[in-house]
file upload_21.cif (mmCIF, C-alpha atoms)
data_input
loop_
_atom_site.label_atom_id
_atom_site.label_comp_id
_atom_site.auth_asym_id
_atom_site.auth_seq_id
_atom_site.Cartn_x
_atom_site.Cartn_y
_atom_site.Cartn_z
CA MET A 167 0.00 0.00 0.00
CA HIS A 168 2.94 2.31 -0.61
CA ILE A 169 1.54 5.19 -2.64
CA PRO A 170 3.83 6.16 -5.55
CA ASP A 171 4.35 9.63 -7.01
CA GLY A 172 1.54 10.89 -9.19
CA PHE A 173 -1.36 9.35 -7.26
CA LEU A 174 -2.16 12.18 -4.85
CA ASP A 175 -3.41 15.70 -5.46
CA LEU A 176 -1.23 18.44 -4.05
CA PRO A 177 -3.64 19.37 -1.19
CA ILE A 178 -3.84 15.71 -0.08
CA SER A 179 -0.10 15.36 -0.34
CA ALA A 180 0.46 18.56 1.67
CA LEU A 181 -2.18 17.70 4.29
CA THR A 182 -0.77 14.22 4.93
CA TYR A 183 2.79 15.60 5.03
CA GLY A 184 1.62 18.08 7.65
CA LEU A 185 -0.18 15.43 9.72
CA ALA A 186 2.80 13.09 9.52
CA ALA A 187 5.25 15.84 10.45
CA VAL A 188 3.20 16.98 13.44
CA SER A 189 2.67 13.40 14.65
CA ILE A 190 6.27 12.26 14.26
CA GLY A 191 7.49 15.57 15.67
CA SER A 192 5.27 15.15 18.74
CA ALA A 193 6.35 11.54 19.17
CA LEU A 194 10.04 12.53 19.03
CA TYR A 195 9.42 15.39 21.45
CA LEU A 196 7.69 13.12 23.95
CA LEU A 197 10.32 10.41 23.56
CA GLU A 198 13.06 12.97 24.10
CA LYS A 199 11.34 14.22 27.24
CA ARG A 200 10.75 10.77 28.70
CA GLY A 201 13.91 9.22 27.33
CA ILE A 202 14.09 5.83 25.68
CA ASN A 203 15.23 3.19 28.15
CA GLU A 204 18.73 2.24 27.01
CA SER A 205 18.13 -1.48 27.50
CA ARG A 206 15.23 -1.30 25.02
CA ILE A 207 17.24 0.27 22.20
CA PRO A 208 18.42 -3.05 20.66
CA LEU A 209 14.78 -4.20 20.55
CA LEU A 210 13.81 -1.10 18.56
CA GLY A 211 16.60 -1.68 16.05
CA VAL A 212 15.96 -5.40 15.65
CA LEU A 213 12.21 -4.94 15.29
CA ALA A 214 12.70 -2.17 12.69
CA ALA A 215 15.09 -4.39 10.72
CA ALA A 216 12.69 -7.34 10.90
CA ILE A 217 9.75 -5.20 9.74
CA PHE A 218 11.77 -3.88 6.80
CA ALA A 219 12.74 -7.40 5.73
CA ALA A 220 9.21 -8.75 6.26
CA GLN A 221 7.71 -5.93 4.17
CA MET A 222 9.82 -7.11 1.23
CA LEU A 223 7.94 -10.42 1.17
CA ASN A 224 4.84 -10.16 -0.98
CA TRP A 225 2.33 -12.90 -0.26
CA PRO A 226 0.02 -13.89 -3.08
CA ILE A 227 -3.62 -13.79 -1.97
CA PRO A 228 -5.88 -16.14 -3.97
CA GLY A 229 -7.90 -14.03 -6.37
CA GLY A 230 -5.13 -12.12 -8.04
CA THR A 231 -3.60 -9.74 -5.54
CA SER A 232 -0.62 -9.81 -3.27
CA ALA A 233 0.16 -7.96 -0.12
CA HIS A 234 2.93 -7.72 2.37
CA PHE A 235 3.17 -7.67 6.15
CA VAL A 236 2.91 -4.12 7.53
CA GLY A 237 4.09 -4.46 11.13
CA SER A 238 2.16 -1.59 12.71
CA GLY A 239 0.49 -3.99 15.16
CA ILE A 240 3.52 -5.89 16.42
CA ALA A 241 5.48 -2.63 16.79
CA ALA A 242 2.66 -0.94 18.72
CA ILE A 243 2.32 -3.95 21.05
CA LEU A 244 6.02 -4.40 21.80
CA LEU A 245 7.11 -0.77 21.84
CA GLY A 246 4.07 1.34 22.61
CA PRO A 247 2.76 3.94 20.17
CA LEU A 248 5.56 6.52 20.29
CA GLN A 249 8.48 4.20 19.66
CA ALA A 250 6.40 2.25 17.14
CA MET A 251 5.83 5.47 15.17
CA LEU A 252 9.57 6.10 15.13
CA VAL A 253 10.28 2.55 13.95
CA LEU A 254 7.64 2.45 11.20
CA ALA A 255 8.46 5.96 9.97
CA SER A 256 12.15 5.01 9.70
CA VAL A 257 11.29 1.90 7.69
CA ILE A 258 9.02 3.84 5.32
CA ALA A 259 11.54 6.68 4.89
CA VAL A 260 14.36 4.27 3.97
CA GLN A 261 12.05 2.45 1.54
CA ALA A 262 11.18 5.71 -0.24
CA LEU A 263 14.57 7.42 -0.16
CA VAL A 264 16.80 4.45 -0.99
CA PHE A 265 14.58 2.05 -2.92
CA GLY A 266 11.98 4.33 -4.53
CA ASP A 267 9.24 2.25 -2.84
CA GLY A 268 6.54 4.82 -2.20
CA GLY A 269 6.84 8.24 -3.82
CA LEU A 270 8.57 11.25 -2.34
CA THR A 271 5.42 13.35 -2.77
CA ALA A 272 3.50 10.56 -1.01
CA LEU A 273 6.02 9.98 1.78
CA GLY A 274 3.88 12.01 4.19
CA ALA A 275 0.81 9.96 3.30
CA ASN A 276 2.63 6.64 3.57
CA ILE A 277 4.06 7.57 6.97
CA PHE A 278 0.68 8.86 8.08
CA ASN A 279 -1.10 5.64 7.01
CA MET A 280 1.25 2.96 8.29
CA ALA A 281 3.26 4.72 11.02
CA ILE A 282 0.50 6.85 12.57
CA VAL A 283 -2.99 5.54 11.75
CA GLY A 284 -2.00 1.85 11.71
CA VAL A 285 0.06 2.16 14.89
CA LEU A 286 -2.49 4.16 16.90
CA ILE A 287 -5.45 1.98 15.91
CA ALA A 288 -3.48 -1.21 16.62
CA TYR A 289 -2.36 0.15 19.98
CA LEU A 290 -5.91 1.14 20.91
CA VAL A 291 -7.29 -2.27 19.96
CA TYR A 292 -4.57 -4.12 21.87
CA THR A 293 -4.95 -1.92 24.96
CA LEU A 294 -8.70 -2.55 25.03
CA LEU A 295 -8.43 -6.32 24.56
CA LYS A 296 -5.22 -7.49 26.20
CA GLY A 297 -6.88 -7.77 29.62
CA ARG A 298 -9.12 -10.52 28.22
CA SER A 299 -6.67 -12.26 25.94
CA ARG A 300 -3.26 -11.09 24.83
CA VAL A 301 -3.20 -13.40 21.84
CA ALA A 302 -6.67 -12.45 20.61
CA GLY A 303 -5.83 -8.80 21.24
CA ALA A 304 -2.65 -9.19 19.21
CA PHE A 305 -4.49 -10.86 16.34
CA LEU A 306 -7.02 -8.03 16.15
CA ALA A 307 -4.35 -5.37 16.63
CA GLY A 308 -2.49 -6.80 13.62
CA TRP A 309 -5.69 -6.97 11.59
CA PHE A 310 -6.89 -3.46 12.49
CA GLY A 311 -3.42 -1.98 12.02
CA ALA A 312 -3.13 -3.21 8.44
CA VAL A 313 -6.77 -2.56 7.54
CA SER A 314 -6.91 0.96 8.99
CA ALA A 315 -3.73 1.92 7.11
CA ALA A 316 -5.24 0.54 3.89
CA VAL A 317 -8.51 2.41 4.42
CA ALA A 318 -6.59 5.65 5.04
CA CYS A 319 -4.72 5.00 1.79
CA GLY A 320 -8.04 4.40 -0.01
CA LEU A 321 -9.44 7.68 1.35
CA GLU A 322 -6.40 9.64 0.16
CA ILE A 323 -6.24 8.28 -3.39
CA GLY A 324 -10.05 8.39 -3.61
CA SER A 325 -9.93 12.11 -2.79
CA SER A 326 -7.50 12.74 -5.62
CA SER A 327 -8.46 13.90 -9.10
CA ILE A 328 -6.39 11.30 -10.96
CA PHE A 329 -8.62 8.62 -9.42
CA ALA A 330 -11.61 10.74 -10.53
CA TYR A 331 -12.65 11.00 -6.87
CA ASN A 332 -13.79 7.37 -6.98
CA ILE A 333 -13.67 7.13 -3.21
CA LEU A 334 -16.55 4.63 -3.28
CA ILE A 335 -14.33 2.31 -5.27
CA THR A 336 -10.95 2.92 -3.67
CA VAL A 337 -12.01 2.56 -0.03
CA PRO A 338 -14.05 -0.66 -0.35
CA VAL A 339 -11.44 -2.31 -2.55
CA MET A 340 -8.58 -1.40 -0.24
CA PHE A 341 -10.67 -2.51 2.74
CA THR A 342 -11.74 -5.85 1.30
CA TRP A 343 -8.33 -7.04 0.14
CA HIS A 344 -6.58 -5.92 3.28
CA ALA A 345 -9.28 -7.52 5.40
CA LEU A 346 -8.02 -10.78 3.86
CA LEU A 347 -4.36 -9.85 4.19
CA GLY A 348 -5.08 -8.71 7.72
CA VAL A 349 -5.75 -12.33 8.69
CA ILE A 350 -2.11 -13.17 7.87
CA GLU A 351 -0.95 -10.00 9.63
CA GLY A 352 -3.09 -10.90 12.66
CA PHE A 353 -1.87 -14.49 12.69
CA VAL A 354 1.81 -13.46 12.54
CA THR A 355 1.27 -10.79 15.22
CA ALA A 356 -0.59 -13.18 17.52
CA SER A 357 2.03 -15.90 17.01
CA ALA A 358 4.83 -13.49 17.88
CA VAL A 359 3.01 -12.33 21.02
CA ALA A 360 2.21 -15.92 22.05
CA PHE A 361 5.86 -16.89 21.55
CA LEU A 362 7.14 -13.90 23.52
CA THR A 363 4.62 -14.39 26.33
CA LYS A 364 6.03 -17.86 26.81
CA ASN A 365 9.73 -17.21 26.20
CA ARG A 366 10.44 -13.51 26.80
CA PRO A 367 7.59 -12.21 28.99
CA GLU A 368 9.77 -9.30 30.14
CA LEU A 369 9.54 -7.80 26.63
CA LEU A 370 5.78 -7.62 26.95
CA SER A 371 5.51 -6.63 30.58
CA LYS A 372 7.23 -3.32 29.90
CA GLU A 373 5.08 -2.57 26.90
CA VAL A 374 3.06 0.27 28.42
CA LYS A 375 5.66 1.80 30.70
CA ALA A 376 8.13 1.85 27.85
CA SER A 377 5.86 3.85 25.58
CA MET B 100 18.43 -11.45 20.54
CA LYS B 101 20.26 -14.26 18.77
CA ARG B 102 16.96 -15.82 17.75
CA ALA B 103 15.69 -12.46 16.49
CA LEU B 104 18.77 -12.08 14.31
CA ILE B 105 18.22 -15.57 12.90
CA VAL B 106 14.61 -14.63 12.05
CA ILE B 107 15.85 -11.51 10.23
CA ALA B 108 18.47 -13.56 8.34
CA VAL B 109 15.78 -16.03 7.26
CA LEU B 110 13.52 -13.19 6.09
CA ILE B 111 16.40 -11.72 4.07
CA ILE B 112 17.21 -15.07 2.48
CA LEU B 113 13.53 -15.47 1.54
CA THR B 114 13.33 -12.15 -0.34
CA PRO B 115 14.65 -13.43 -3.71
CA LEU B 116 12.37 -16.47 -3.47
CA PHE B 117 9.32 -14.28 -2.86
CA ALA B 118 10.40 -11.97 -5.70
CA TYR B 119 10.58 -15.02 -7.98
CA ALA B 120 7.21 -16.33 -6.77
CA ALA B 121 5.60 -12.91 -7.25
CA GLU B 122 6.83 -12.84 -10.85
CA LEU B 123 5.54 -16.37 -11.39
CA VAL B 124 1.96 -15.61 -10.31
CA GLY B 125 2.03 -12.02 -11.59
CA TYR B 126 -0.15 -10.70 -8.77
CA SER B 127 -0.05 -7.02 -7.80
CA GLU B 128 -1.01 -5.14 -4.70
CA PRO B 129 -4.63 -3.94 -4.37
CA LEU B 130 -3.47 -0.33 -4.74
CA GLU B 131 -1.81 -1.13 -8.08
CA ASN B 132 -4.86 -3.08 -9.25
CA ILE B 133 -7.17 -0.15 -8.47
CA ALA B 134 -4.84 2.17 -10.37
CA THR B 135 -4.76 -0.17 -13.38
CA ASN B 136 -8.55 -0.56 -13.38
CA LEU B 137 -9.07 3.20 -13.22
CA GLY B 138 -6.38 3.89 -15.81
CA VAL B 139 -4.11 5.70 -13.37
CA GLU B 140 -0.38 5.69 -14.00
CA GLU B 141 2.52 6.50 -11.72
CA THR B 142 4.71 9.47 -12.50
CA PRO B 143 7.93 8.46 -10.79
CA PHE B 144 10.34 11.37 -10.80
CA TYR B 145 12.61 9.91 -8.18
CA LYS B 146 13.67 6.32 -8.53
CA GLY B 147 15.83 5.90 -5.46
CA LEU B 148 19.43 4.72 -5.40
CA LEU B 149 18.46 1.06 -5.65
CA HIS B 150 15.20 1.31 -7.55
CA ASP B 151 12.61 -1.33 -6.70
CA TYR B 152 15.13 -3.30 -4.64
CA THR B 153 17.39 -4.03 -7.60
CA ILE B 154 20.96 -3.08 -8.42
CA ASN B 155 21.81 -1.85 -11.91
CA GLY B 156 23.71 -4.41 -13.91
CA LEU B 157 23.20 -7.20 -11.42
CA ASP B 158 20.95 -10.21 -11.67
CA PRO B 159 17.59 -9.00 -10.25
CA TYR B 160 17.39 -11.74 -7.62
CA ILE B 161 20.92 -11.12 -6.38
CA GLY B 162 20.09 -7.40 -6.46
CA THR B 163 17.02 -8.09 -4.30
CA LEU B 164 19.08 -10.09 -1.83
CA ILE B 165 21.75 -7.37 -1.56
CA SER B 166 19.03 -4.69 -1.32
CA ALA B 167 17.44 -6.63 1.53
CA ILE B 168 20.77 -6.77 3.37
CA ILE B 169 21.52 -3.07 2.78
CA GLY B 170 18.00 -1.92 3.66
CA THR B 171 17.78 -4.03 6.80
CA ALA B 172 21.18 -2.80 8.00
CA LEU B 173 20.31 0.81 7.16
CA VAL B 174 16.97 0.73 8.99
CA PHE B 175 18.70 -0.86 11.98
CA ILE B 176 21.38 1.88 12.04
CA VAL B 177 18.85 4.71 11.62
CA VAL B 178 16.63 3.47 14.44
CA ILE B 179 19.50 2.64 16.80
CA GLY B 180 21.07 6.03 16.09
CA THR B 181 17.86 7.97 16.65
CA SER B 182 17.07 5.99 19.81
CA HIS B 183 20.53 6.73 21.20
CA LEU B 184 19.95 10.44 20.77
CA LEU B 185 16.69 10.05 22.69
CA ARG B 186 18.00 7.69 25.38
CA ARG B 187 17.37 8.29 29.01
#
call {"tool": "encode", "arguments": {"input": "upload_21.cif", "output": "structure tokens"}}
result
Amino acid sequence: MHIPDGFLDLPISALTYGLAAVSIGSALYLLEKRGINESRIPLLGVLAAAIFAAQMLNWPIPGGTSAHFVGSGIAAILLGPLQAMLVLASVIAVQALVFGDGGLTALGANIFNMAIVGVLIAYLVYTLLKGRSRVAGAFLAGWFGAVSAAVACGLEIGSSSIFAYNILITVPVMFTWHALLGVIEGFVTASAVAFLTKNRPELLSKEVKAS
Amino acid sequence: MKRALIVIAVLIILTPLFAYAAELVGYSEPLENIATNLGVEETPFYKGLLHDYTINGLDPYIGTLISAIIGTALVFIVVIGTSHLLRR
């Protein structure tokens, strides 16, 4: 769901750049004020590297589309929303600047969709559900993270003239396909959380405090 | 940590295989399919240093593998560096 150059109208491009800049700026400000716990820094780096590598793997979905893991959910769960924003935004920036994956004019939108919307929605879902079941909460956080980012993407392209403002096509199509992809995203996220709960519970127990 | 690094290594090794599989089935992402159906084309004015995870003049699958290694390392360095500046 990386939007390339040429898909967004200038106002949409500018608006999403602004929203992304304010959000990432606020996250960095808050992180600077609170300080990132030094012992957590390797986890941030490793998770960012893993998300980058995982995003390179495009899974074919029966029916003629493919999609890749997004990672907003697992990052939000393990790192909290602020650090997750930093991690996802770094991944998306490297993809655009080094590999031309996602346009420069759409970098704000891509960061906004996957690093802000996806992360915040996933975090909200997980926070609401983890008291009942961590694994179920993780599954739904993964699903909602990917789907909400896709819907945001559908809204942006559907509000652009080159798509003839076909928002009633772009949003449902993005939603439907990513609702299917989201099952893989949810499964991977839930598996990771289940594994960590059993083997490295300390990574999860700090999840909120470490935000 | 060791296990996490093994997972990352496995993901990196899988990238050329997935690139090959993607070519085989010829599927695209939903966003690209919508664009094709509505007759929308990209206007890429910036291709990136290693466009589309390939390296000029190299076999595309080897290019993908090297891109995966470079990108993963770069993301790791960027995030570790930024986190260090923000450390408590």
call {"tool": "closest_atom_pairs", "arguments": {"input": "upload_21.cif", "of": "chain B", "to": "chain A", "cutoff": "7 Å", "atoms": "all atoms listed in the file", "output": "JSON lines"}}
result
{"residue": "B:Ile107", "atom": "CA", "partner": "A:Ala216", "partner_atom": "CA", "distance": 5.3}
{"residue": "B:Leu110", "atom": "CA", "partner": "A:Ala219", "partner_atom": "CA", "distance": 5.9}
{"residue": "B:Ile111", "atom": "CA", "partner": "A:Ala219", "partner_atom": "CA", "distance": 5.9}
{"residue": "B:Thr114", "atom": "CA", "partner": "A:Leu223", "partner_atom": "CA", "distance": 5.9}
{"residue": "B:Phe117", "atom": "CA", "partner": "A:Leu223", "partner_atom": "CA", "distance": 5.7}
{"residue": "B:Ala121", "atom": "CA", "partner": "A:Asn224", "partner_atom": "CA", "distance": 6.9}
{"residue": "B:Tyr126", "atom": "CA", "partner": "A:Thr231", "partner_atom": "CA", "distance": 4.8}
{"residue": "B:Ser127", "atom": "CA", "partner": "A:Thr231", "partner_atom": "CA", "distance": 5.0}
{"residue": "B:Glu128", "atom": "CA", "partner": "A:Ser232", "partner_atom": "CA", "distance": 4.9}
{"residue": "B:Pro129", "atom": "CA", "partner": "A:Thr231", "partner_atom": "CA", "distance": 6.0}
{"residue": "B:Leu130", "atom": "CA", "partner": "A:Met167", "partner_atom": "CA", "distance": 5.9}
{"residue": "B:Ile133", "atom": "CA", "partner": "A:Thr336", "partner_atom": "CA", "distance": 6.8}
{"residue": "B:Leu137", "atom": "CA", "partner": "A:Phe329", "partner_atom": "CA", "distance": 6.6}
{"residue": "B:Val139", "atom": "CA", "partner": "A:Ile328", "partner_atom": "CA", "distance": 6.5}
{"residue": "B:Glu141", "atom": "CA", "partner": "A:Gly172", "partner_atom": "CA", "distance": 5.2}
{"residue": "B:Thr142", "atom": "CA", "partner": "A:Gly172", "partner_atom": "CA", "distance": 4.8}
{"residue": "B:Pro143", "atom": "CA", "partner": "A:Asp171", "partner_atom": "CA", "distance": 5.3}
{"residue": "B:Tyr145", "atom": "CA", "partner": "A:Gly266", "partner_atom": "CA", "distance": 6.7}
{"residue": "B:Lys146", "atom": "CA", "partner": "A:Gly266", "partner_atom": "CA", "distance": 4.8}
{"residue": "B:Gly147", "atom": "CA", "partner": "A:Gly266", "partner_atom": "CA", "distance": 4.3}
{"residue": "B:Leu148", "atom": "CA", "partner": "A:Val264", "partner_atom": "CA", "distance": 5.1}
{"residue": "B:Leu149", "atom": "CA", "partner": "A:Phe265", "partner_atom": "CA", "distance": 4.8}
{"residue": "B:His150", "atom": "CA", "partner": "A:Phe265", "partner_atom": "CA", "distance": 4.7}
{"residue": "B:Asp151", "atom": "CA", "partner": "A:Phe265", "partner_atom": "CA", "distance": 5.4}
{"residue": "B:Tyr152", "atom": "CA", "partner": "A:Phe265", "partner_atom": "CA", "distance": 5.6}
{"residue": "B:Ala167", "atom": "CA", "partner": "A:Ala219", "partner_atom": "CA", "distance": 6.4}
{"residue": "B:Thr171", "atom": "CA", "partner": "A:Ala215", "partner_atom": "CA", "distance": 4.8}
{"residue": "B:Ala172", "atom": "CA", "partner": "A:Ala215", "partner_atom": "CA", "distance": 6.9}
{"residue": "B:Val174", "atom": "CA", "partner": "A:Ala215", "partner_atom": "CA", "distance": 5.7}
{"residue": "B:Phe175", "atom": "CA", "partner": "A:Gly211", "partner_atom": "CA", "distance": 4.7}
{"residue": "B:Val177", "atom": "CA", "partner": "A:Ser256", "partner_atom": "CA", "distance": 7.0}
{"residue": "B:Val178", "atom": "CA", "partner": "A:Gly211", "partner_atom": "CA", "distance": 5.4}
{"residue": "B:Ile179", "atom": "CA", "partner": "A:Gly211", "partner_atom": "CA", "distance": 5.3}
{"residue": "B:Ser182", "atom": "CA", "partner": "A:Ile207", "partner_atom": "CA", "distance": 6.2}
{"residue": "B:Leu185", "atom": "CA", "partner": "A:Glu198", "partner_atom": "CA", "distance": 4.9}
{"residue": "B:Arg186", "atom": "CA", "partner": "A:Ile202", "partner_atom": "CA", "distance": 4.3}
{"residue": "B:Arg187", "atom": "CA", "partner": "A:Gly201", "partner_atom": "CA", "distance": 4.0}
call {"tool": "residues_around", "arguments": {"input": "upload_21.cif", "residues": "region 286-289 of chain A", "least_positions_apart": "3", "cutoff": "9 Å", "atoms": "only C-alpha atoms", "output": "PyMOL selection string"}}
result
chain A and resi 238-243+246-247+251+281-283+292-294+304+306-312+314-315
call {"tool": "closest_residue", "arguments": {"input": "upload_21.cif", "among": "B:Gly138, B:Ile161, B:Ile168, B:Leu173", "to": "Val109 (chain B)", "atoms": "only C-alpha atoms"}}
result
B:Ile168
call {"tool": "residues_around", "arguments": {"input": "upload_21.cif", "residues": "Tyr160 (chain B)", "least_positions_apart": "2", "cutoff": "10 Å", "atoms": "only C-alpha atoms", "output": "list in words"}}
result
Thr114, Pro115, Leu116, Phe117, Ala118, Tyr119, Tyr152, Thr153, Ile154, Leu157, Asp158, Gly162, Thr163, Leu164, Ile165 and Ser166 of chain B
call {"tool": "atom_distance", "arguments": {"input": "upload_21.cif", "atom1": "CA of His183 (chain B)", "atom2": "CA of Ile277 (chain A)"}}
result
21.8 Å
call {"tool": "residues_near_point", "arguments": {"input": "upload_21.cif", "point": "(16.5, -14.1, 20.9)", "cutoff": "12 Å", "atoms": "only C-alpha atoms", "output": "count of residues only"}}
result
17
call {"tool": "build_atoms", "arguments": {"input": "upload_21.cif", "residues": "region 180-204 of chain A", "atoms": "N, CA and C atoms", "output": "PDB file, in the frame of the given file"}}
result
ATOM      1  N   ALA A 180       0.026  17.570   0.680  1.00  0.00           N
ATOM      2  CA  ALA A 180       0.460  18.560   1.670  1.00  0.00           C
ATOM      3  C   ALA A 180      -0.168  18.286   3.035  1.00  0.00           C
ATOM      4  N   LEU A 181      -1.468  17.957   3.031  1.00  0.00           N
ATOM      5  CA  LEU A 181      -2.180  17.700   4.290  1.00  0.00           C
ATOM      6  C   LEU A 181      -1.553  16.502   5.026  1.00  0.00           C
ATOM      7  N   THR A 182      -1.307  15.412   4.272  1.00  0.00           N
ATOM      8  CA  THR A 182      -0.770  14.220   4.930  1.00  0.00           C
ATOM      9  C   THR A 182       0.672  14.449   5.367  1.00  0.00           C
ATOM     10  N   TYR A 183       1.437  15.240   4.582  1.00  0.00           N
ATOM     11  CA  TYR A 183       2.790  15.600   5.030  1.00  0.00           C
ATOM     12  C   TYR A 183       2.718  16.352   6.354  1.00  0.00           C
ATOM     13  N   GLY A 184       1.765  17.283   6.429  1.00  0.00           N
ATOM     14  CA  GLY A 184       1.620  18.080   7.650  1.00  0.00           C
ATOM     15  C   GLY A 184       1.247  17.200   8.842  1.00  0.00           C
ATOM     16  N   LEU A 185       0.257  16.314   8.633  1.00  0.00           N
ATOM     17  CA  LEU A 185      -0.180  15.430   9.720  1.00  0.00           C
ATOM     18  C   LEU A 185       0.951  14.510  10.163  1.00  0.00           C
ATOM     19  N   ALA A 186       1.695  13.989   9.183  1.00  0.00           N
ATOM     20  CA  ALA A 186       2.800  13.090   9.520  1.00  0.00           C
ATOM     21  C   ALA A 186       3.883  13.849  10.281  1.00  0.00           C
ATOM     22  N   ALA A 187       4.192  15.068   9.809  1.00  0.00           N
ATOM     23  CA  ALA A 187       5.250  15.840  10.450  1.00  0.00           C
ATOM     24  C   ALA A 187       4.889  16.193  11.887  1.00  0.00           C
ATOM     25  N   VAL A 188       3.630  16.618  12.092  1.00  0.00           N
ATOM     26  CA  VAL A 188       3.200  16.980  13.440  1.00  0.00           C
ATOM     27  C   VAL A 188       3.222  15.745  14.354  1.00  0.00           C
ATOM     28  N   SER A 189       2.732  14.624  13.831  1.00  0.00           N
ATOM     29  CA  SER A 189       2.670  13.400  14.650  1.00  0.00           C
ATOM     30  C   SER A 189       4.053  12.895  15.007  1.00  0.00           C
ATOM     31  N   ILE A 190       4.921  12.778  14.002  1.00  0.00           N
ATOM     32  CA  ILE A 190       6.270  12.260  14.260  1.00  0.00           C
ATOM     33  C   ILE A 190       7.036  13.255  15.137  1.00  0.00           C
ATOM     34  N   GLY A 191       6.841  14.556  14.857  1.00  0.00           N
ATOM     35  CA  GLY A 191       7.490  15.570  15.670  1.00  0.00           C
ATOM     36  C   GLY A 191       7.061  15.463  17.137  1.00  0.00           C
ATOM     37  N   SER A 192       5.756  15.288  17.368  1.00  0.00           N
ATOM     38  CA  SER A 192       5.270  15.150  18.740  1.00  0.00           C
ATOM     39  C   SER A 192       5.815  13.894  19.393  1.00  0.00           C
ATOM     40  N   ALA A 193       5.843  12.799  18.614  1.00  0.00           N
ATOM     41  CA  ALA A 193       6.350  11.540  19.170  1.00  0.00           C
ATOM     42  C   ALA A 193       7.814  11.706  19.579  1.00  0.00           C
ATOM     43  N   LEU A 194       8.618  12.340  18.708  1.00  0.00           N
ATOM     44  CA  LEU A 194      10.040  12.530  19.030  1.00  0.00           C
ATOM     45  C   LEU A 194      10.198  13.438  20.248  1.00  0.00           C
ATOM     46  N   TYR A 195       9.356  14.469  20.322  1.00  0.00           N
ATOM     47  CA  TYR A 195       9.420  15.390  21.450  1.00  0.00           C
ATOM     48  C   TYR A 195       9.137  14.655  22.763  1.00  0.00           C
ATOM     49  N   LEU A 196       8.059  13.865  22.742  1.00  0.00           N
ATOM     50  CA  LEU A 196       7.690  13.120  23.950  1.00  0.00           C
ATOM     51  C   LEU A 196       8.746  12.081  24.315  1.00  0.00           C
ATOM     52  N   LEU A 197       9.289  11.420  23.298  1.00  0.00           N
ATOM     53  CA  LEU A 197      10.320  10.410  23.560  1.00  0.00           C
ATOM     54  C   LEU A 197      11.572  11.072  24.142  1.00  0.00           C
ATOM     55  N   GLU A 198      11.879  12.252  23.624  1.00  0.00           N
ATOM     56  CA  GLU A 198      13.060  12.970  24.100  1.00  0.00           C
ATOM     57  C   GLU A 198      12.868  13.358  25.564  1.00  0.00           C
ATOM     58  N   LYS A 199      11.639  13.796  25.879  1.00  0.00           N
ATOM     59  CA  LYS A 199      11.340  14.220  27.240  1.00  0.00           C
ATOM     60  C   LYS A 199      11.393  13.057  28.223  1.00  0.00           C
ATOM     61  N   ARG A 200      10.788  11.933  27.813  1.00  0.00           N
ATOM     62  CA  ARG A 200      10.750  10.770  28.700  1.00  0.00           C
ATOM     63  C   ARG A 200      12.045   9.976  28.643  1.00  0.00           C
ATOM     64  N   GLY A 201      12.699  10.003  27.507  1.00  0.00           N
ATOM     65  CA  GLY A 201      13.910   9.220  27.330  1.00  0.00           C
ATOM     66  C   GLY A 201      13.586   7.776  27.003  1.00  0.00           C
ATOM     67  N   ILE A 202      14.272   7.243  26.004  1.00  0.00           N
ATOM     68  CA  ILE A 202      14.090   5.830  25.680  1.00  0.00           C
ATOM     69  C   ILE A 202      15.019   5.034  26.585  1.00  0.00           C
ATOM     70  N   ASN A 203      14.454   4.049  27.270  1.00  0.00           N
ATOM     71  CA  ASN A 203      15.230   3.190  28.150  1.00  0.00           C
ATOM     72  C   ASN A 203      16.352   2.515  27.343  1.00  0.00           C
ATOM     73  N   GLU A 204      17.587   2.706  27.798  1.00  0.00           N
ATOM     74  CA  GLU A 204      18.730   2.240  27.010  1.00  0.00           C
ATOM     75  C   GLU A 204      18.678   0.745  26.722  1.00  0.00           C
TER      76      GLU A 204
END
